[in-house]
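Novice: Sharing start16.cif here; it has mmCIF, C-alpha atoms.
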data_protein
#
loop_
_atom_site.label_atom_id
_atom_site.label_comp_id
_atom_site.auth_asym_id
_atom_site.auth_seq_id
_atom_site.Cartn_x
_atom_site.Cartn_y
_atom_site.Cartn_z
CA MET K 1 6.76 48.85 -41.70
CA LYS K 2 6.74 45.85 -43.99
CA GLY K 3 9.72 43.57 -43.69
CA ARG K 4 9.92 43.55 -39.91
CA PHE K 5 9.35 40.44 -37.87
CA GLU K 6 5.95 40.47 -36.18
CA ARG K 7 7.26 39.30 -32.81
CA PRO K 8 9.94 40.94 -30.67
CA PHE K 9 13.21 39.30 -29.79
CA PHE K 10 15.10 39.63 -26.52
CA VAL K 11 18.37 37.76 -26.14
CA SER K 12 19.46 36.52 -22.70
CA PRO K 13 23.07 35.38 -23.14
CA PRO K 14 24.40 32.67 -20.84
CA ASN K 15 26.43 34.04 -17.95
CA SER K 16 26.82 33.65 -14.21
CA PRO K 17 23.65 32.74 -12.26
CA GLU K 18 23.50 36.28 -10.88
CA ALA K 19 23.81 37.88 -14.31
CA LEU K 20 21.34 35.42 -15.81
CA MET K 21 18.79 36.35 -13.17
CA LYS K 22 19.12 40.01 -14.19
CA ASN K 23 19.19 39.33 -17.92
CA ASP K 24 15.98 37.29 -17.66
CA LEU K 25 14.18 40.42 -16.44
CA VAL K 26 12.87 43.06 -18.81
CA PHE K 27 12.28 46.20 -16.76
CA GLY K 28 10.95 49.70 -17.17
CA ILE K 29 7.46 50.88 -18.08
CA HIS K 30 7.96 51.25 -21.85
CA ALA K 31 9.84 47.96 -22.29
CA VAL K 32 7.37 45.91 -20.22
CA THR K 33 4.33 47.51 -21.87
CA THR K 34 5.70 46.75 -25.34
CA LEU K 35 6.53 43.17 -24.35
CA LEU K 36 3.02 42.56 -22.97
CA THR K 37 1.53 44.04 -26.12
CA ARG K 38 3.69 42.36 -28.75
CA ASP K 39 4.82 39.06 -27.22
CA PRO K 40 2.98 38.26 -23.96
CA SER K 41 3.68 34.52 -24.32
CA ARG K 42 7.28 35.18 -23.27
CA VAL K 43 6.31 36.74 -19.95
CA ARG K 44 6.46 34.25 -17.08
CA LYS K 45 5.61 36.65 -14.27
CA LEU K 46 5.23 40.36 -13.61
CA PHE K 47 6.83 42.05 -10.58
CA LEU K 48 5.24 45.31 -9.38
CA VAL K 49 6.57 47.46 -6.55
CA LYS K 50 4.05 47.62 -3.72
CA GLY K 51 2.17 50.87 -3.39
CA ARG K 52 2.54 52.18 -6.92
CA GLU K 53 -0.91 52.64 -8.44
CA ASP K 54 -0.61 55.45 -11.00
CA GLY K 55 -2.21 55.43 -14.47
CA ARG K 56 0.72 53.94 -16.35
CA MET K 57 1.02 51.10 -13.87
CA GLN K 58 -2.71 50.43 -14.09
CA GLN K 59 -2.34 50.06 -17.86
CA ILE K 60 0.36 47.42 -17.34
CA ILE K 61 -1.83 45.60 -14.79
CA GLU K 62 -4.75 45.54 -17.23
CA LEU K 63 -2.53 44.21 -20.03
CA ALA K 64 -1.19 41.48 -17.75
CA LYS K 65 -4.71 40.46 -16.70
CA GLN K 66 -5.88 40.34 -20.32
CA GLN K 67 -2.97 38.05 -21.22
CA GLY K 68 -3.31 35.86 -18.13
CA VAL K 69 0.09 36.88 -16.75
CA SER K 70 0.49 36.46 -12.99
CA ILE K 71 1.40 39.55 -10.96
CA GLU K 72 3.60 39.41 -7.87
CA PRO K 73 3.89 42.44 -5.56
CA ILE K 74 7.47 43.08 -4.47
CA ASN K 75 9.27 45.47 -2.14
CA LYS K 76 11.26 48.18 -3.90
CA GLN K 77 14.46 47.13 -2.10
CA ARG K 78 14.15 43.55 -3.36
CA LEU K 79 13.62 44.72 -6.94
CA ASP K 80 16.56 47.13 -6.62
CA GLU K 81 18.76 44.19 -5.61
CA ARG K 82 17.74 42.15 -8.68
CA ILE K 83 18.05 44.91 -11.27
CA ASP K 84 21.06 46.98 -12.26
CA GLY K 85 19.24 50.04 -13.58
CA VAL K 86 16.15 52.21 -13.18
CA HIS K 87 13.21 49.80 -13.16
CA GLN K 88 10.42 52.37 -12.55
CA GLY K 89 8.69 49.91 -10.26
CA VAL K 90 8.02 47.15 -12.79
CA ALA K 91 9.85 44.13 -14.19
CA ALA K 92 8.84 41.10 -16.23
CA GLU K 93 10.46 37.70 -15.83
CA VAL K 94 10.75 36.41 -19.39
CA LYS K 95 11.53 33.23 -21.26
CA PRO K 96 14.82 33.50 -23.18
CA ALA K 97 14.30 34.28 -26.86
CA PRO K 98 16.34 32.53 -29.56
CA GLN K 99 19.36 34.44 -30.77
CA LEU K 100 18.93 35.74 -34.31
CA GLY K 101 21.76 34.99 -36.69
CA ASP K 102 22.61 34.39 -40.34
CA LYS K 103 19.70 32.12 -41.29
CA GLU K 104 17.09 34.38 -39.75
CA LEU K 105 18.62 37.41 -41.48
CA ASP K 106 18.46 35.62 -44.84
CA ALA K 107 14.78 34.93 -44.25
CA LEU K 108 14.14 38.57 -43.40
CA LEU K 109 15.94 39.85 -46.51
CA GLU K 110 13.80 37.67 -48.77
CA GLY K 111 10.65 39.44 -47.60
CA LEU K 112 11.85 43.04 -47.54
CA ASN K 113 10.46 45.71 -49.82
CA SER K 114 12.63 48.41 -51.39
CA PRO K 115 13.99 50.81 -50.47
CA VAL K 116 15.05 48.93 -47.36
CA LEU K 117 16.99 50.63 -44.57
CA LEU K 118 19.25 48.55 -42.30
CA LEU K 119 21.63 49.57 -39.51
CA VAL K 120 24.96 47.78 -39.02
CA LEU K 121 26.90 48.26 -35.76
CA ASP K 122 30.56 47.25 -36.00
CA GLY K 123 32.25 46.86 -32.62
CA VAL K 124 29.63 48.61 -30.46
CA THR K 125 30.07 46.82 -27.12
CA ASP K 126 28.19 49.03 -24.63
CA PRO K 127 24.60 47.84 -23.99
CA HIS K 128 23.58 51.45 -23.27
CA ASN K 129 24.73 52.50 -26.74
CA LEU K 130 23.04 49.48 -28.29
CA GLY K 131 19.77 50.33 -26.58
CA ALA K 132 19.96 53.95 -27.72
CA CYS K 133 20.74 52.87 -31.30
CA LEU K 134 17.77 50.48 -31.29
CA ARG K 135 15.49 53.25 -30.07
CA THR K 136 16.65 55.59 -32.84
CA ALA K 137 16.46 52.78 -35.42
CA ASP K 138 12.85 52.12 -34.52
CA ALA K 139 11.98 55.82 -34.80
CA ALA K 140 13.66 56.04 -38.22
CA GLY K 141 11.88 52.98 -39.65
CA VAL K 142 14.94 50.70 -39.77
CA ALA K 143 13.96 47.13 -40.71
CA ALA K 144 16.73 45.42 -38.70
CA VAL K 145 19.95 46.04 -36.78
CA ILE K 146 22.94 43.83 -37.59
CA ALA K 147 26.15 43.28 -35.61
CA PRO K 148 28.98 40.72 -35.54
CA ARG K 149 28.52 37.94 -33.00
CA ASP K 150 31.94 38.63 -31.45
CA LYS K 151 32.81 41.90 -29.74
CA SER K 152 29.30 43.31 -29.81
CA ALA K 153 26.92 44.33 -27.06
CA PRO K 154 24.40 41.68 -25.98
CA LEU K 155 20.72 42.47 -26.13
CA ASN K 156 20.37 42.24 -22.37
CA ALA K 157 18.09 43.85 -19.81
CA THR K 158 20.08 47.10 -19.79
CA ALA K 159 19.89 47.49 -23.57
CA SER K 160 16.18 46.69 -23.48
CA LYS K 161 15.52 49.33 -20.81
CA VAL K 162 17.46 52.05 -22.67
CA ALA K 163 15.66 51.14 -25.90
CA CYS K 164 12.29 51.99 -24.26
CA GLY K 165 10.43 49.23 -26.09
CA ALA K 166 12.40 49.31 -29.35
CA ALA K 167 14.33 46.17 -28.39
CA GLU K 168 11.01 44.34 -28.51
CA ALA K 169 10.15 45.86 -31.91
CA VAL K 170 13.33 45.94 -34.04
CA PRO K 171 15.06 42.57 -34.70
CA TYR K 172 18.73 42.46 -33.70
CA PHE K 173 20.86 40.00 -35.68
CA GLN K 174 24.33 38.88 -34.56
CA VAL K 175 26.07 37.28 -37.54
CA THR K 176 29.08 35.00 -37.68
CA ASN K 177 31.00 36.89 -40.36
CA LEU K 178 30.09 40.56 -40.85
CA ALA K 179 32.15 40.97 -44.02
CA ARG K 180 30.38 38.03 -45.65
CA THR K 181 27.01 39.43 -44.53
CA LEU K 182 27.84 42.77 -46.16
CA GLN K 183 28.68 40.92 -49.38
CA ASN K 184 25.32 39.14 -49.24
CA LEU K 185 23.57 42.46 -48.76
CA GLN K 186 25.36 43.88 -51.80
CA GLN K 187 24.32 40.88 -53.89
CA ALA K 188 20.74 41.60 -52.82
CA GLY K 189 21.06 45.11 -54.27
CA ILE K 190 21.61 46.92 -50.96
CA TRP K 191 24.11 49.79 -50.96
CA ILE K 192 26.61 49.69 -48.05
CA VAL K 193 27.30 53.18 -46.66
CA GLY K 194 29.93 53.48 -43.93
CA THR K 195 30.61 56.45 -41.68
CA ALA K 196 34.20 57.61 -41.23
CA GLY K 197 35.62 60.93 -40.05
CA GLU K 198 38.20 61.02 -42.86
CA ALA K 199 35.67 60.45 -45.66
CA ASP K 200 35.71 63.05 -48.45
CA GLN K 201 31.93 63.30 -48.75
CA SER K 202 29.51 64.37 -46.01
CA ILE K 203 26.17 62.71 -45.33
CA TYR K 204 24.52 65.90 -46.58
CA GLN K 205 26.20 65.62 -50.00
CA ALA K 206 25.62 61.91 -50.58
CA ASP K 207 22.54 60.38 -52.21
CA LEU K 208 21.04 58.20 -49.46
CA THR K 209 17.66 57.42 -51.00
CA GLY K 210 18.12 53.85 -52.29
CA PRO K 211 18.14 50.45 -50.55
CA MET K 212 20.82 50.88 -47.93
CA ALA K 213 22.69 49.49 -44.95
CA LEU K 214 24.22 52.24 -42.80
CA VAL K 215 27.40 51.07 -41.03
CA MET K 216 28.39 52.72 -37.76
CA GLY K 217 31.73 51.90 -36.16
CA ALA K 218 32.74 51.88 -32.51
CA GLU K 219 33.70 55.13 -30.86
CA GLY K 220 37.38 55.93 -31.23
CA LYS K 221 38.37 52.99 -33.41
CA GLY K 222 35.54 53.33 -35.92
CA MET K 223 34.87 50.52 -38.39
CA ARG K 224 37.29 47.65 -38.70
CA ARG K 225 39.41 47.64 -41.85
CA LEU K 226 37.67 44.63 -43.39
CA THR K 227 34.29 46.23 -42.79
CA ARG K 228 35.48 49.47 -44.36
CA ASP K 229 36.75 47.59 -47.40
CA HIS K 230 33.26 46.22 -48.05
CA CYS K 231 31.58 49.62 -48.04
CA ASP K 232 30.36 51.04 -51.37
CA LEU K 233 30.55 54.60 -50.02
CA LEU K 234 32.11 56.38 -47.05
CA VAL K 235 30.56 59.54 -45.61
CA ASN K 236 31.34 61.80 -42.67
CA ILE K 237 29.31 63.89 -40.27
CA PRO K 238 30.69 67.47 -40.43
CA MET K 239 31.96 68.66 -37.04
CA ALA K 240 32.06 72.42 -36.38
CA GLY K 241 33.26 72.48 -32.76
CA GLU K 242 36.26 71.35 -30.77
CA VAL K 243 35.22 67.71 -30.36
CA SER K 244 36.36 65.36 -33.11
CA SER K 245 33.59 62.77 -32.85
CA LEU K 246 30.13 62.05 -31.47
CA ASN K 247 28.86 59.27 -29.25
CA VAL K 248 27.94 56.38 -31.55
CA SER K 249 24.26 56.52 -30.64
CA VAL K 250 24.12 60.27 -31.31
CA ALA K 251 25.98 59.86 -34.62
CA THR K 252 23.57 57.07 -35.56
CA GLY K 253 20.64 59.39 -34.95
CA VAL K 254 22.15 62.17 -37.07
CA ALA K 255 22.87 59.82 -39.96
CA LEU K 256 19.59 57.91 -39.88
CA PHE K 257 17.45 61.00 -39.84
CA GLU K 258 19.38 62.55 -42.71
CA ILE K 259 18.45 59.41 -44.64
CA VAL K 260 14.83 59.83 -43.51
CA ARG K 261 14.89 63.49 -44.60
CA GLN K 262 16.22 62.65 -48.05
CA ARG K 263 13.68 59.86 -48.53
CA SER K 264 10.76 62.06 -47.55
#
Show me this structure written as structure tokens.

Specialist:
Amino acid sequence: MKGRFERPFFVSPPNSPEALMKNDLVFGIHAVTTLLTRDPSRVRKLFLVKGREDGRMQQIIELAKQQGVSIEPINKQRLDERIDGVHQGVAAEVKPAPQLGDKELDALLEGLNSPVLLLVLDGVTDPHNLGACLRTADAAGVAAVIAPRDKSAPLNATASKVACGAAEAVPYFQVTNLARTLQNLQQAGIWIVGTAGEADQSIYQADLTGPMALVMGAEGKGMRRLTRDHCDLLVNIPMAGEVSSLNVSVATGVALFEIVRQRS
């Protein structure tokens, strides 16, 4: 899709030495394959569990050889100790990528074609939810995911693994002032649509075909008041059962693919 950055971005936030060691590893077959395909220059070394020689692992080995990436066999127990998650027998030690913020977002917006689709996450702090949202965003053709710099999930190894390669494909911007960013989007002709359970209009009634930024709030609290005040339209996802709300990543999928349906 036009308007996306050509190279992937993976943010390794500063933390304790132990956490930094984990965050500097991208793990899982899909995530590592995408990284070797889209941005091999960031891969310092590849770790492969000894004894695994199936077809998918052979593909990763061939990609690494083509890109001149060194491969180090490792015992499964050692890799388990380094990674908090399901690594599927493969991990890549990567160079930290620069964090994307306001200036990079401005540059992206200048090159986007209408009707653009953006995803804004307000207060989503769980890396698992971030990874799932990135995966859905990639599938729905979202040009970028935007979140406030404070009180948002980092794009760490866990988020990258859950995203199954989407974290290396969809740019994730963490901006200083989300309200100001929403104003800039509006000035660029992008409609801000927020999701809220108390909204009068459902996503199935609203016209979601134009240039748009979909805003999803954190579970329970939803969007912050200032974020809500900057929305041009509020919509809800109709709930027929006993539960009052959906997991934010599930709700994001429902909303994004209703937008896709309307646009198609």

Novice: Pick from K:Leu117, K:Ile237, K:Leu63, K:Ala167: nearest to Pro211 (chain K), with all atoms listed in the file counted?

Specialist: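 Checking each candidate against Pro211 (chain K), we get K:Leu117 as the closest.
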
Novice: Would you mind telling me which residue in K:Val94, K:Leu185, K:Leu256, K:Val248 lies nearest to Pro40 (chain K) when using all atoms listed in the file?

Specialist: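 Checking each of K:Val94, K:Leu185, K:Leu256, K:Val248 against Pro40 (chain K), counting all atoms listed in the file, the winner is K:Val94.
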
Novice: Tell me which of K:Gln186, K:Gln59, K:Thr158, K:Gln262 sits closest to Asp207 (chain K), counting all atoms listed in the file.

Specialist: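 Using all atoms listed in the file, the shortest distance to Asp207 (chain K) belongs to K:Gln262.
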
Novice: So, with all atoms listed in the file as the atoms that count, which of K:Ala240, K:Pro73, K:Leu233, K:Phe173 lies closest to Ile192 (chain K)?

Specialist: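 Among the listed residues, the smallest separation from Ile192 (chain K) belongs to K:Leu233.
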
Novice: Could you write out as a CSV table (one decimal) with C-alpha atoms, in the frame of the given file the residues that the PyMOL selection byres ((chain K and resi 214) around 6) matches in the shown file?

Specialist:
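Written file, out_9.csv:
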chain,number,residue,atom,x,y,z
K,119,LEU,CA,21.6,49.6,-39.5
K,120,VAL,CA,25.0,47.8,-39.0
K,193,VAL,CA,27.3,53.2,-46.7
K,194,GLY,CA,29.9,53.5,-43.9
K,213,ALA,CA,22.7,49.5,-45.0
K,215,VAL,CA,27.4,51.1,-41.0

Novice: Name the residues captured by the PyMOL selection byres ((chain K and resi 100-102) around 9) when it is applied to the shown file; answer as a VMD selection string.

Specialist: chain K and resid 9 11 97 to 99 103 to 107 146 149 171 to 177 181

Novice: Do a neighbour search on Asn129 (chain K) at 8 Å with all atoms listed in the file, toss out local chain neighbours closer than 5 positions, and write the hits as a list in words.

Specialist: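 Once the nearby chain positions are removed, what remains is Val124, Ala159, Val248 and Ser249 of chain K.
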
Novice: What is the CA of Ile29 (chain K) to CA of Val250 (chain K) distance in Å?

Specialist: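 Atom-to-atom, CA of Ile29 (chain K) to CA of Val250 (chain K), that is 23.3 Å.
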
Novice: I need the residue nearest Thr37 (chain K) from this list: K:His128, K:Leu155, K:Gly165, K:Arg52. Use all atoms listed in the file for the distance.

Specialist: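 Selected residue with least distance to Thr37 (chain K): K:Gly165.
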
Novice: Of the candidates K:Ala157, K:Ile190, K:Val49, K:Leu178, which one gets nearest to Asp122 (chain K) if we count all atoms listed in the file?

Specialist: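 Under the stated criterion, the closest residue is K:Leu178.
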
Novice: Exactly which residues make up the result of the PyMOL selection byres ((chain K and resi 205) around 12) on this file, given as a ChimeraX atom specification?

Specialist: /K:199-204,206-209,233-238,258-259,262

Novice: Suppose we keep C-alpha atoms; can you now write the selection as an mmCIF file, keeping the file's coordinate frame?

Specialist:
data_model
loop_
_atom_site.group_PDB
_atom_site.id
_atom_site.type_symbol
_atom_site.label_atom_id
_atom_site.label_comp_id
_atom_site.auth_asym_id
_atom_site.auth_seq_id
_atom_site.Cartn_x
_atom_site.Cartn_y
_atom_site.Cartn_z
ATOM 1 C CA ALA K 199 35.670 60.450 -45.660
ATOM 2 C CA ASP K 200 35.710 63.050 -48.450
ATOM 3 C CA GLN K 201 31.930 63.300 -48.750
ATOM 4 C CA SER K 202 29.510 64.370 -46.010
ATOM 5 C CA ILE K 203 26.170 62.710 -45.330
ATOM 6 C CA TYR K 204 24.520 65.900 -46.580
ATOM 7 C CA ALA K 206 25.620 61.910 -50.580
ATOM 8 C CA ASP K 207 22.540 60.380 -52.210
ATOM 9 C CA LEU K 208 21.040 58.200 -49.460
ATOM 10 C CA THR K 209 17.660 57.420 -51.000
ATOM 11 C CA LEU K 233 30.550 54.600 -50.020
ATOM 12 C CA LEU K 234 32.110 56.380 -47.050
ATOM 13 C CA VAL K 235 30.560 59.540 -45.610
ATOM 14 C CA ASN K 236 31.340 61.800 -42.670
ATOM 15 C CA ILE K 237 29.310 63.890 -40.270
ATOM 16 C CA PRO K 238 30.690 67.470 -40.430
ATOM 17 C CA GLU K 258 19.380 62.550 -42.710
ATOM 18 C CA ILE K 259 18.450 59.410 -44.640
ATOM 19 C CA GLN K 262 16.220 62.650 -48.050
#

Novice: Which residues are near Asp126 (chain K)? Cut-off 9 Å, all atoms listed in the file, ignore same chain within fewer than 3 positions. Put them as a PDB file with C-alpha atoms, in the frame of the given file.

Specialist:
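Once written, selection24.pdb looks like this:
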ATOM      1  CA  ASN K 129      24.730  52.500 -26.740  1.00  0.00           C
ATOM      2  CA  LEU K 130      23.040  49.480 -28.290  1.00  0.00           C
ATOM      3  CA  GLY K 131      19.770  50.330 -26.580  1.00  0.00           C
ATOM      4  CA  SER K 152      29.300  43.310 -29.810  1.00  0.00           C
ATOM      5  CA  ALA K 153      26.920  44.330 -27.060  1.00  0.00           C
ATOM      6  CA  PRO K 154      24.400  41.680 -25.980  1.00  0.00           C
ATOM      7  CA  ALA K 159      19.890  47.490 -23.570  1.00  0.00           C
TER       8      ALA K 159
END

Novice: Go ahead and compute the interatomic distance for CA of Trp191 (chain K) and CA of Arg225 (chain K), in Å to one decimal.

Specialist: 17.9 Å
